[in-house]
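Engineer: This is my_file-v8.txt (compact mmCIF, C-alpha atoms).
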# COMPACT_ATOMS: atom_id res chain seq x y z
CA MET A 218 32.85 70.96 166.59
CA ARG A 219 35.52 72.99 164.98
CA SER A 220 38.99 71.53 165.13
CA ASP A 221 42.24 73.39 165.48
CA HIS A 222 42.91 72.40 161.88
CA ASP A 223 39.76 74.30 160.74
CA GLU A 224 40.92 77.44 162.54
CA THR A 225 44.36 77.08 161.04
CA GLN A 226 42.85 76.82 157.54
CA GLN A 227 41.00 80.12 158.08
CA HIS A 228 44.23 82.04 158.96
CA GLU A 229 46.62 80.32 156.50
CA PRO A 230 45.54 82.09 153.24
CA MET A 231 46.59 85.52 154.65
CA ARG A 232 49.90 84.28 156.03
CA GLY A 233 50.45 82.17 152.90
CA ASP A 234 50.06 85.12 150.50
CA ALA A 235 52.49 87.32 152.37
CA GLU A 236 54.91 84.46 152.79
CA ASN A 237 54.67 83.62 149.07
CA GLU A 238 55.41 87.22 148.15
CA ARG A 239 58.37 87.28 150.47
CA LEU A 240 59.70 84.06 149.02
CA LYS A 241 59.18 85.31 145.45
CA ARG A 242 61.14 88.48 146.24
CA ARG A 243 63.87 86.38 147.82
CA VAL A 244 64.03 84.08 144.76
CA ARG A 245 64.28 87.11 142.43
CA GLN A 246 67.04 88.52 144.62
CA LEU A 247 68.92 85.21 144.56
CA GLU A 248 68.47 84.93 140.78
CA GLY A 249 69.99 88.40 140.43
CA GLN A 250 72.93 87.42 142.64
CA LEU A 251 73.41 84.22 140.69
CA ALA A 252 73.41 86.13 137.39
CA GLU A 253 75.99 88.55 138.78
CA MET A 254 78.17 85.69 140.07
CA ASP A 255 77.91 84.04 136.68
CA ARG A 256 78.95 87.27 134.97
CA GLN A 257 81.93 87.63 137.32
CA ARG A 258 82.90 84.01 136.79
CA ILE A 259 82.88 84.46 132.98
CA GLU A 260 84.84 87.71 133.26
CA TYR A 261 87.36 86.00 135.57
CA LEU A 262 87.80 83.06 133.17
CA GLN A 263 88.26 85.44 130.21
CA ASN A 264 90.84 87.35 132.21
CA VAL A 265 92.64 84.12 133.19
CA SER A 266 92.64 83.00 129.58
CA HIS A 267 94.05 86.31 128.31
CA GLN A 268 96.66 86.50 131.07
CA LEU A 269 97.94 82.99 130.41
CA VAL A 270 97.71 83.08 126.62
CA ALA A 271 99.58 86.38 126.20
CA PRO A 272 103.03 85.28 127.43
CA LEU A 273 102.70 81.92 125.67
CA ASN A 274 101.89 83.57 122.34
CA ALA A 275 104.83 85.96 122.69
CA LEU A 276 106.98 82.94 123.48
CA LYS A 277 105.83 81.23 120.21
CA TRP A 278 106.72 84.29 118.16
CA HIS A 279 110.21 84.44 119.73
CA VAL A 280 110.76 80.75 118.95
CA GLU A 281 109.74 81.43 115.34
CA ASN A 282 112.33 84.20 115.20
CA ILE A 283 115.09 81.95 116.53
CA THR A 284 114.43 79.44 113.74
CA ASN A 285 115.16 82.19 111.22
CA ALA A 286 118.52 81.36 109.67
CA ARG A 287 119.47 85.01 109.44
CA MET A 288 119.26 85.65 113.16
CA GLY A 289 122.67 86.37 114.66
CA VAL A 290 123.92 84.96 117.95
CA ASP A 291 123.28 88.17 119.88
CA ARG A 292 119.67 88.39 118.78
CA ALA A 293 119.15 84.71 119.41
CA GLN A 294 120.46 85.18 122.96
CA LYS A 295 118.09 88.11 123.45
CA ALA A 296 115.17 86.08 122.13
CA LEU A 297 116.07 83.18 124.42
CA ARG A 298 116.12 85.53 127.42
CA SER A 299 112.69 86.80 126.37
CA ILE A 300 111.46 83.20 126.13
CA TYR A 301 112.71 82.52 129.65
CA SER A 302 110.97 85.68 130.92
CA GLN A 303 107.68 84.77 129.27
CA ALA A 304 107.86 81.24 130.64
CA THR A 305 108.50 82.70 134.12
CA ILE A 306 105.43 84.89 133.78
CA ALA A 307 103.27 82.03 132.49
CA VAL A 308 104.27 79.76 135.39
CA HIS A 309 103.75 82.58 137.89
CA LEU A 310 100.28 83.35 136.53
CA ALA A 311 99.28 79.69 136.41
CA LYS A 312 100.28 79.32 140.06
CA ASN A 313 98.25 82.39 140.98
CA PHE A 314 95.17 80.90 139.39
CA VAL A 315 95.70 77.56 141.12
CA PHE A 316 96.09 79.35 144.45
CA MET A 317 92.96 81.38 143.76
CA SER A 318 90.99 78.16 143.49
CA ASN A 319 92.58 76.69 146.60
CA LEU A 320 92.32 79.79 148.76
CA GLU A 321 88.74 80.81 148.03
CA GLY A 322 87.24 78.61 150.72
CA ASP A 323 87.74 79.05 154.45
CA HIS A 324 90.86 76.92 154.51
CA SER A 325 93.52 76.28 157.08
CA LEU A 326 97.10 75.44 156.20
CA ALA A 327 96.37 71.76 156.85
CA ASP A 328 93.81 71.74 154.02
CA LEU A 329 96.39 72.78 151.46
CA ARG A 330 98.33 69.50 151.63
CA GLU A 331 101.80 71.00 151.42
CA ALA A 332 104.55 70.19 153.90
CA LEU A 333 105.70 72.81 156.38
CA GLU A 334 109.44 73.30 156.27
CA PRO A 335 112.12 75.73 157.42
CA ILE A 336 112.61 78.37 154.71
CA SER A 337 115.55 80.72 154.28
CA LEU A 338 113.88 83.99 153.31
CA GLU A 339 117.16 85.29 151.91
CA ARG A 340 117.60 82.36 149.55
CA LEU A 341 113.94 82.40 148.54
CA ILE A 342 113.97 86.09 147.68
CA VAL A 343 117.36 86.11 145.95
CA ASN A 344 116.16 83.27 143.67
CA LEU A 345 112.94 85.11 142.89
CA ALA A 346 114.81 88.34 142.16
CA ASP A 347 117.05 86.44 139.70
CA ASP A 348 114.00 84.95 137.99
CA PHE A 349 112.14 88.24 137.64
CA GLN A 350 115.07 90.59 136.90
CA PRO A 351 114.98 89.97 133.09
CA LEU A 352 111.47 91.43 133.07
CA GLY A 353 112.88 94.77 134.16
CA TRP A 354 115.74 95.06 131.67
CA HIS A 355 113.86 96.74 128.85
CA ARG A 356 112.86 99.56 131.22
CA ASN A 357 116.18 99.62 133.06
CA ILE A 358 114.62 98.60 136.37
CA GLN A 359 116.93 96.87 138.83
CA ILE A 360 115.92 94.50 141.64
CA GLU A 361 118.29 94.71 144.59
CA VAL A 362 118.14 92.33 147.52
CA ASP A 363 120.07 93.41 150.61
CA PRO A 364 121.54 90.09 151.82
CA ALA A 365 123.04 91.62 154.98
CA SER A 366 119.58 92.58 156.18
CA PHE A 367 118.53 88.91 156.18
CA ARG A 368 121.58 87.56 158.03
CA GLU A 369 119.99 87.67 161.46
CA ILE A 370 116.66 86.25 160.38
CA PRO A 371 116.43 82.52 161.15
CA ASP A 372 114.60 80.18 158.84
CA VAL A 373 110.85 80.69 158.86
CA ILE A 374 108.56 77.68 159.16
CA GLY A 375 106.09 77.74 156.31
CA MET A 376 104.90 76.32 153.02
CA LYS A 377 107.57 77.22 150.52
CA PRO A 378 105.45 77.21 147.32
CA LEU A 379 102.93 79.53 148.98
CA LEU A 380 105.42 81.95 150.54
CA SER A 381 107.30 81.97 147.24
CA GLN A 382 104.09 83.09 145.54
CA VAL A 383 103.64 85.93 148.05
CA PHE A 384 106.99 87.45 147.20
CA SER A 385 106.64 86.64 143.49
CA ASN A 386 103.42 88.64 143.43
CA LEU A 387 104.99 91.58 145.29
CA ILE A 388 108.08 91.65 143.06
CA GLU A 389 106.07 91.25 139.87
CA ASN A 390 103.77 94.12 140.95
CA ALA A 391 106.79 96.27 141.78
CA LEU A 392 108.22 95.62 138.31
CA LYS A 393 104.95 96.42 136.64
CA TYR A 394 104.35 99.69 138.46
CA SER A 395 107.91 101.01 138.83
CA ALA A 396 109.02 104.05 136.88
CA GLU A 397 111.67 103.50 134.23
CA GLY A 398 115.25 103.55 135.46
CA THR A 399 114.40 102.99 139.13
CA THR A 400 115.41 100.32 141.63
CA ILE A 401 113.25 97.86 143.55
CA THR A 402 114.79 97.01 146.91
CA VAL A 403 113.97 94.02 149.09
CA THR A 404 115.15 94.10 152.69
CA GLY A 405 114.63 91.89 155.71
CA LYS A 406 114.49 92.71 159.38
CA PRO A 407 114.25 90.47 162.43
CA SER A 408 111.92 91.55 165.18
CA THR A 409 113.34 94.13 167.55
CA ASP A 410 110.90 93.24 170.32
CA ASN A 411 110.34 89.69 171.55
CA SER A 412 107.59 89.01 169.05
CA ASP A 413 109.48 86.16 167.35
CA SER A 414 108.75 87.50 163.89
CA ALA A 415 110.56 88.92 160.90
CA THR A 416 109.56 91.43 158.28
CA VAL A 417 110.39 91.62 154.61
CA CYS A 418 109.86 94.91 152.78
CA VAL A 419 109.57 95.32 149.00
CA THR A 420 110.03 98.98 148.03
CA ASN A 421 109.69 100.64 144.64
CA CYS A 422 109.14 104.07 143.06
CA GLY A 423 106.45 104.60 140.45
CA ILE A 424 102.68 104.29 140.47
CA GLY A 425 101.85 104.70 144.13
CA ILE A 426 98.94 103.72 146.35
CA LEU A 427 96.42 106.47 146.99
CA PRO A 428 95.39 106.75 150.65
CA GLU A 429 91.76 106.19 149.66
CA ASP A 430 92.73 102.92 147.94
CA GLU A 431 94.66 101.44 150.86
CA ALA A 432 91.64 99.73 152.34
CA ASN A 433 90.60 98.24 148.97
CA LEU A 434 94.08 97.14 148.00
CA TRP A 435 93.56 93.56 149.16
CA GLY A 436 90.18 93.10 147.52
CA ARG A 437 89.71 90.37 144.95
CA GLY A 438 90.22 91.91 141.51
CA PHE A 439 90.93 95.46 142.74
CA ARG A 440 93.23 97.66 140.64
CA GLY A 441 93.74 101.40 141.14
CA GLU A 442 92.72 103.73 138.32
CA GLU A 443 96.23 104.82 137.42
CA ALA A 444 97.39 101.19 137.42
CA ARG A 445 94.54 100.22 135.09
CA ASN A 446 95.29 103.06 132.71
CA LYS A 447 99.02 102.49 132.53
CA HIS A 448 98.83 98.70 132.50
CA PRO A 449 95.61 97.56 130.88
CA SER A 450 96.28 93.88 131.42
CA GLY A 451 96.19 92.56 134.99
CA THR A 452 93.81 90.53 137.11
CA GLY A 453 94.06 92.36 140.42
CA PHE A 454 94.40 89.06 142.25
CA GLY A 455 98.10 89.18 143.17
CA LEU A 456 97.71 91.13 146.41
CA TYR A 457 94.52 89.29 147.34
CA ILE A 458 96.38 85.97 147.06
CA ALA A 459 99.43 87.33 148.91
CA LYS A 460 97.31 88.47 151.85
CA LYS A 461 95.43 85.18 152.05
CA ILE A 462 98.67 83.20 152.13
CA VAL A 463 100.33 85.47 154.70
CA GLU A 464 97.29 85.27 156.96
CA LEU A 465 97.25 81.48 156.65
CA HIS A 466 100.81 81.63 157.98
CA GLU A 467 99.50 83.74 160.88
CA GLY A 468 101.40 86.76 159.60
CA ALA A 469 100.43 90.23 158.42
CA ILE A 470 100.89 92.34 155.30
CA GLU A 471 100.42 96.03 154.58
CA GLY A 472 101.06 98.37 151.68
CA PHE A 473 101.41 102.13 151.51
CA THR A 474 103.16 104.96 149.68
CA ASP A 475 105.22 107.36 151.73
CA ALA A 476 105.75 111.11 151.40
CA LYS A 477 108.73 110.53 149.12
CA GLU A 478 106.45 108.56 146.74
CA ARG A 479 108.10 105.26 147.52
CA THR A 480 105.69 102.33 147.80
CA HIS A 481 106.36 99.75 150.48
CA PHE A 482 104.84 96.31 150.92
CA VAL A 483 105.71 94.94 154.34
CA VAL A 484 105.22 91.26 155.15
CA THR A 485 105.53 90.12 158.75
CA LEU A 486 105.94 86.40 159.35
CA ARG A 487 106.11 84.37 162.53
CA ILE A 488 109.40 82.56 162.75
CA ARG A 489 108.65 79.79 165.23
CA GLY A 490 104.90 80.10 165.44
CA LEU A 491 104.16 77.25 163.07
CA GLU A 492 106.92 74.96 164.32
CA GLY A 493 104.60 72.92 166.50
CA LYS A 494 102.31 72.35 163.52
CA ALA A 495 105.25 71.29 161.39
CA ARG A 496 106.01 68.46 163.81
CA GLN A 497 102.53 67.03 163.29
CA TRP A 498 102.93 66.66 159.56
CA PRO A 499 105.41 64.68 157.49
CA ARG A 500 108.64 66.63 157.19
CA LYS A 501 109.84 67.42 153.71
CA PRO A 502 112.75 65.05 153.00
CA SER A 503 116.04 66.92 153.08
CA MET B 157 116.43 101.43 97.89
CA ALA B 158 115.11 102.86 101.15
CA PRO B 159 113.21 100.36 103.26
CA LYS B 160 109.51 100.64 103.97
CA THR B 161 108.64 101.70 107.52
CA VAL B 162 106.38 99.84 109.91
CA MET B 163 105.46 101.32 113.27
CA ILE B 164 104.43 98.86 116.00
CA VAL B 165 102.28 100.17 118.82
CA ASP B 166 102.04 97.68 121.71
CA ASP B 167 102.64 98.04 125.45
CA GLU B 168 103.41 94.31 125.83
CA GLN B 169 107.15 94.51 125.38
CA GLU B 170 107.63 90.85 124.51
CA PHE B 171 105.20 90.97 121.59
CA LEU B 172 106.66 94.24 120.44
CA ASP B 173 110.20 92.80 120.52
CA ALA B 174 109.27 89.60 118.68
CA LEU B 175 107.41 91.44 115.91
CA ALA B 176 110.08 94.15 115.61
CA ASP B 177 112.83 91.56 115.26
CA ALA B 178 110.90 89.68 112.58
CA LEU B 179 110.14 92.86 110.60
CA ASP B 180 113.76 93.91 110.85
CA PHE B 181 114.87 90.52 109.44
CA ASN B 182 112.49 91.04 106.58
CA GLY B 183 114.10 94.33 105.62
CA TYR B 184 111.66 96.80 107.14
CA ARG B 185 112.59 99.91 109.08
CA VAL B 186 110.86 99.48 112.44
CA LEU B 187 109.59 102.12 114.85
CA ARG B 188 108.44 101.03 118.31
CA CYS B 189 105.83 102.79 120.43
CA SER B 190 104.17 101.68 123.64
CA SER B 191 101.26 104.12 123.99
CA VAL B 192 98.79 106.21 122.00
CA ALA B 193 100.68 109.38 122.94
CA ASP B 194 104.00 107.87 121.90
CA ALA B 195 102.54 106.78 118.55
CA MET B 196 100.99 110.16 117.69
CA HIS B 197 104.20 111.94 118.61
CA THR B 198 106.26 109.59 116.42
CA LEU B 199 103.89 109.96 113.47
CA SER B 200 104.33 113.73 113.58
CA ALA B 201 108.06 113.29 113.09
CA GLU B 202 108.69 110.07 111.12
CA PRO B 203 107.64 108.78 107.70
CA VAL B 204 105.58 105.60 108.13
CA ASN B 205 104.01 103.17 105.64
CA LEU B 206 102.04 100.90 108.00
CA VAL B 207 101.03 100.94 111.66
CA SER B 208 100.36 97.75 113.63
CA VAL B 209 98.26 98.59 116.71
CA ASP B 210 97.24 96.53 119.74
CA ILE B 211 93.68 97.48 120.65
CA MET B 212 94.27 97.14 124.42
CA LEU B 213 96.88 99.84 124.89
CA THR B 214 98.17 102.43 127.34
CA PRO B 215 96.78 105.86 126.42
CA GLY B 216 99.90 107.70 127.62
CA ASP B 217 100.10 110.94 129.56
CA ALA B 218 98.86 113.20 126.75
CA TYR B 219 95.65 111.18 126.48
CA ALA B 220 95.22 110.14 130.11
CA GLY B 221 91.62 110.50 131.19
CA ARG B 222 90.30 110.94 127.65
CA PHE B 223 89.66 107.25 127.10
CA GLY B 224 90.31 103.97 128.86
CA SER B 225 92.97 101.46 128.00
CA GLU B 226 90.63 98.65 126.88
CA ARG B 227 90.07 100.29 123.47
CA ALA B 228 92.77 102.93 123.37
CA GLY B 229 94.13 101.27 120.22
CA LEU B 230 90.81 101.83 118.47
CA HIS B 231 90.97 105.54 119.32
CA LEU B 232 94.49 105.59 117.90
CA ILE B 233 93.26 103.97 114.69
CA GLN B 234 90.50 106.59 114.41
CA MET B 235 93.02 109.43 114.83
CA ILE B 236 95.47 107.97 112.33
CA ARG B 237 92.72 107.37 109.78
CA LYS B 238 91.55 111.00 110.09
CA ARG B 239 94.96 112.65 110.07
CA TYR B 240 97.09 110.33 107.94
CA PRO B 241 94.70 108.60 105.53
CA LYS B 242 97.45 107.05 103.40
CA ILE B 243 98.98 104.99 106.20
CA ARG B 244 98.00 101.28 106.18
CA LEU B 245 96.51 100.06 109.44
CA PHE B 246 96.62 96.63 111.10
CA ALA B 247 94.83 95.99 114.40
CA LEU B 248 95.66 93.20 116.86
CA SER B 249 93.40 92.12 119.68
CA VAL B 250 92.85 89.10 121.91
CA VAL B 251 89.17 90.04 122.02
CA THR B 252 87.15 88.93 118.99
CA ASP B 253 83.92 90.75 119.72
CA PRO B 254 82.18 91.00 116.30
CA SER B 255 81.09 94.61 116.91
CA LEU B 256 84.69 95.57 117.72
CA ILE B 257 85.95 93.87 114.54
CA THR B 258 83.30 95.65 112.46
CA GLU B 259 84.27 98.99 113.96
CA ILE B 260 87.98 98.34 113.32
CA GLN B 261 87.28 97.42 109.71
CA SER B 262 85.10 100.50 109.23
CA TYR B 263 88.30 102.55 109.59
CA GLY B 264 89.93 100.56 106.85
CA ALA B 265 92.11 98.58 109.27
CA ALA B 266 92.76 94.85 108.90
CA PHE B 267 91.97 92.83 112.04
CA PHE B 268 94.05 89.97 113.46
CA LYS B 269 93.54 87.94 116.60
CA LYS B 270 96.69 88.55 118.61
CA GLY B 271 99.09 85.64 118.78
CA GLU B 272 96.76 83.17 117.09
CA ALA B 273 98.45 82.94 113.71
CA PRO B 274 102.14 82.14 113.30
CA LEU B 275 104.36 85.18 113.03
CA ARG B 276 105.20 84.38 109.40
CA THR B 277 101.50 84.62 108.49
CA TYR B 278 101.30 88.10 109.97
CA LEU B 279 104.45 89.10 108.13
CA GLU B 280 103.04 87.77 104.86
CA ARG B 281 99.97 89.94 105.34
CA ILE B 282 102.15 93.00 105.97
CA ASP B 283 104.20 92.20 102.86
CA LYS B 284 101.00 91.89 100.85
CA ALA B 285 99.54 95.15 102.22
CA LEU B 286 102.71 97.01 101.30
CA SER B 287 103.40 95.39 97.96
CA GLY B 288 103.49 98.08 95.30
CA VAL B 289 103.73 100.81 97.95
CA ALA B 290 106.76 103.07 97.78
CA PRO B 291 108.79 103.48 100.95
CA ALA B 292 107.65 106.51 102.97
CA THR B 293 110.38 109.10 102.83
CA SER B 294 108.72 112.16 104.28
CA VAL B 295 106.44 112.82 107.19
CA PRO B 296 102.89 112.72 105.82
CA LYS B 297 101.02 116.01 105.76
CA ARG B 298 98.47 115.95 108.51
CA LYS B 299 94.87 116.46 107.39
CA TRP B 300 93.13 119.05 109.53
CA ARG B 301 89.40 118.73 109.88
Please express what this file holds, its structure, as structure tokens.
Structural biologist:
Amino acid sequence: MRSDHDETQQHEPMRGDAENERLKRRVRQLEGQLAEMDRQRIEYLQNVSHQLVAPLNALKWHVENITNARMGVDRAQKALRSIYSQATIAVHLAKNFVFMSNLEGDHSLADLREALEPISLERLIVNLADDFQPLGWHRNIQIEVDPASFREIPDVIGMKPLLSQVFSNLIENALKYSAEGTTITVTGKPSTDNSDSATVCVTNCGIGILPEDEANLWGRGFRGEEARNKHPSGTGFGLYIAKKIVELHEGAIEGFTDAKERTHFVVTLRIRGLEGKARQWPRKPS
Amino acid sequence: MAPKTVMIVDDEQEFLDALADALDFNGYRVLRCSSVADAMHTLSAEPVNLVSVDIMLTPGDAYAGRFGSERAGLHLIQMIRKRYPKIRLFALSVVTDPSLITEIQSYGAAFFKKGEAPLRTYLERIDKALSGVAPATSVPKRKWR
């Protein structure tokens, strides 16, 4: 008497062959994807290394200059300002890379283990503008913050180190891509409807955003062609990180260049939206 | 005696400033350029003894689209070697790809890994390359090929 097992044995070779082929194709496909991920990982690490090493090496050379007995006070002051600028860049880049690691997974704010706190957007942005302004001096680029525009914006509940990185990335990008002798302006605006939100806009003139690039702007590692040609070094992660952080704060961000060739990055943040969450976590000591 | 002239071509302002200051302290006349276009324009108008070039460099408007920025400095070295064969060439790069180094050296340029050695070491190498060389006092005649 033939058993079910015998019948199964008769059919299995045909199904097995096809299944094996399918699995082999799938393994080859996965191996290809793994090789590509490995290549991207190596390229990313090389990029990180170059980005971090460059300002630190420049910093070393400036320190060497300062130790030269013939350097006058004025030049020493200039070298010290350069050292401060390079240190600012190095810290900023290091933070970006840390955030990249933290933000890659499907995280919520709670996973990031930072306290939520009320943040004065005016104070945050004025401090950042002061930190980054020296980077614009050699090309005569000014950063202007309009304090009056922030007066009616209450403190925003958020994670200060993360929101600071959002605006650092936007200001640093504006400096990098602004034309010589132009001004970067940062303005705030409370919501005009009852949406309980505020917007901050960073505006500059220089290398703009092409309409066809707008959708790709927030992609990991994306840089427009003109940006790549005029500024060879750059990771393309700044806007990706900014968007991730803003979305974690339940806000929104957009970027575009208008008809007058001014580029605007507009960040919308919820003012009270995260307040309930803040109460659940330890408050930052005042 | 007129000083010798070194032209630095680098779009990273901080490196350019640090090197320019050091060369100035050491008695060199320093010209600063931040792109391939800027460098070629300056060479057509200024006498130069040595050019220090960063391999990763902005092409500049006159060369936009002709080559990418990753090796724009190498293209600059090629052009300088063809048109101004007497100018000494130093190349700086953070990338130490052996094939890139070989290509740089094939144009008679000395290669240095950017930022690795102390500044004084780089200056010593410039001093050595220019020892016995008279200061450039006229714009070199361009070789047409």
Engineer: Can you tell me how far CA of Pro274 in chain B sits from CA of Pro203 in chain B, in Å to one decimal?
Structural biologist: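 CA of Pro203 in chain B lies 27.8 Å from CA of Pro274 in chain B.
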Engineer: List every protein, DNA or RNA residue that has at least one atom no more than 10 Å from (96.5, 98.1, 108.7) in the file's coordinates, counting only C-alpha atoms, and write the result as a PyMOL selection string.
Structural biologist: chain B and resi 205-209+233+243-248+260-261+263-268+281-282+285-286
Engineer: Would you list which chain B residues are within 6 Å of chain A using all atoms listed in the file, as an mmCIF file with C-alpha atoms, in the frame of the given file?
Structural biologist:
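Dumped to result.cif:
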data_model
loop_
_atom_site.group_PDB
_atom_site.id
_atom_site.type_symbol
_atom_site.label_atom_id
_atom_site.label_comp_id
_atom_site.auth_asym_id
_atom_site.auth_seq_id
_atom_site.Cartn_x
_atom_site.Cartn_y
_atom_site.Cartn_z
ATOM 1 C CA GLU B 170 107.630 90.850 124.510
ATOM 2 C CA PHE B 171 105.200 90.970 121.590
ATOM 3 C CA ALA B 174 109.270 89.600 118.680
ATOM 4 C CA THR B 214 98.170 102.430 127.340
ATOM 5 C CA SER B 225 92.970 101.460 128.000
ATOM 6 C CA GLY B 271 99.090 85.640 118.780
ATOM 7 C CA LEU B 275 104.360 85.180 113.030
#
Engineer: Pick out the residues sitting within 8 Å of Val192 in chain B, and hand them over as a short mmCIF file (atom, residue, chain, number, x, y, z; two decimals) with C-alpha atoms, keeping the file's coordinate frame; count all atoms listed in the file, and ignore anything fewer than 5 positions along from it in its own chain.
Structural biologist:
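Wrote out-v1.cif, looks like this:
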data_model
loop_
_atom_site.label_atom_id
_atom_site.label_comp_id
_atom_site.auth_asym_id
_atom_site.auth_seq_id
_atom_site.Cartn_x
_atom_site.Cartn_y
_atom_site.Cartn_z
CA VAL B 165 102.28 100.17 118.82
CA LEU B 213 96.88 99.84 124.89
CA THR B 214 98.17 102.43 127.34
CA PRO B 215 96.78 105.86 126.42
CA GLY B 216 99.90 107.70 127.62
CA TYR B 219 95.65 111.18 126.48
CA ALA B 228 92.77 102.93 123.37
CA GLY B 229 94.13 101.27 120.22
CA LEU B 232 94.49 105.59 117.90
#
Engineer: Return the single residue from B:Thr161, B:Ser262, B:Gln169, B:Gln234 that is closest to Lys393 in chain A, with distances computed using all atoms listed in the file.
Structural biologist: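 Under the stated criterion, the closest residue is B:Gln169.
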Engineer: In Å, how far is it from CA of Ala201 in chain B to CA of Val295 in chain B?
Structural biologist: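 According to the coordinates, CA of Ala201 in chain B and CA of Val295 in chain B are separated by 6.1 Å.
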Engineer: When you count all atoms listed in the file, which of these residues is closest to Met163 in chain B: B:Arg227, B:Arg188, B:Arg237, B:Lys242?
Structural biologist: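 With all atoms listed in the file as the atom set, the closest residue is B:Arg188.
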Engineer: So how many Å separate CA of Leu380 in chain A and CA of Leu465 in chain A, to one decimal?
Structural biologist: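 CA of Leu465 in chain A lies 10.2 Å from CA of Leu380 in chain A.
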Engineer: For Glu397 in chain A, which residue among A:Cys422, A:Ser385, A:Ala476, A:Lys461 is the nearest when counting only C-alpha atoms?
Structural biologist: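 Ranked by minimum distance to Glu397 in chain A, first place goes to A:Cys422.
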Engineer: For each of A:Tyr457, A:Thr480, A:Asp475, A:Pro378, take the minimum atom-to-atom distance to Val419 in chain A, counting all atoms listed in the file, then give the residue where this is smallest.
Structural biologist: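 Looking only at the distances to Val419 in chain A, the closest residue turns out to be A:Thr480.
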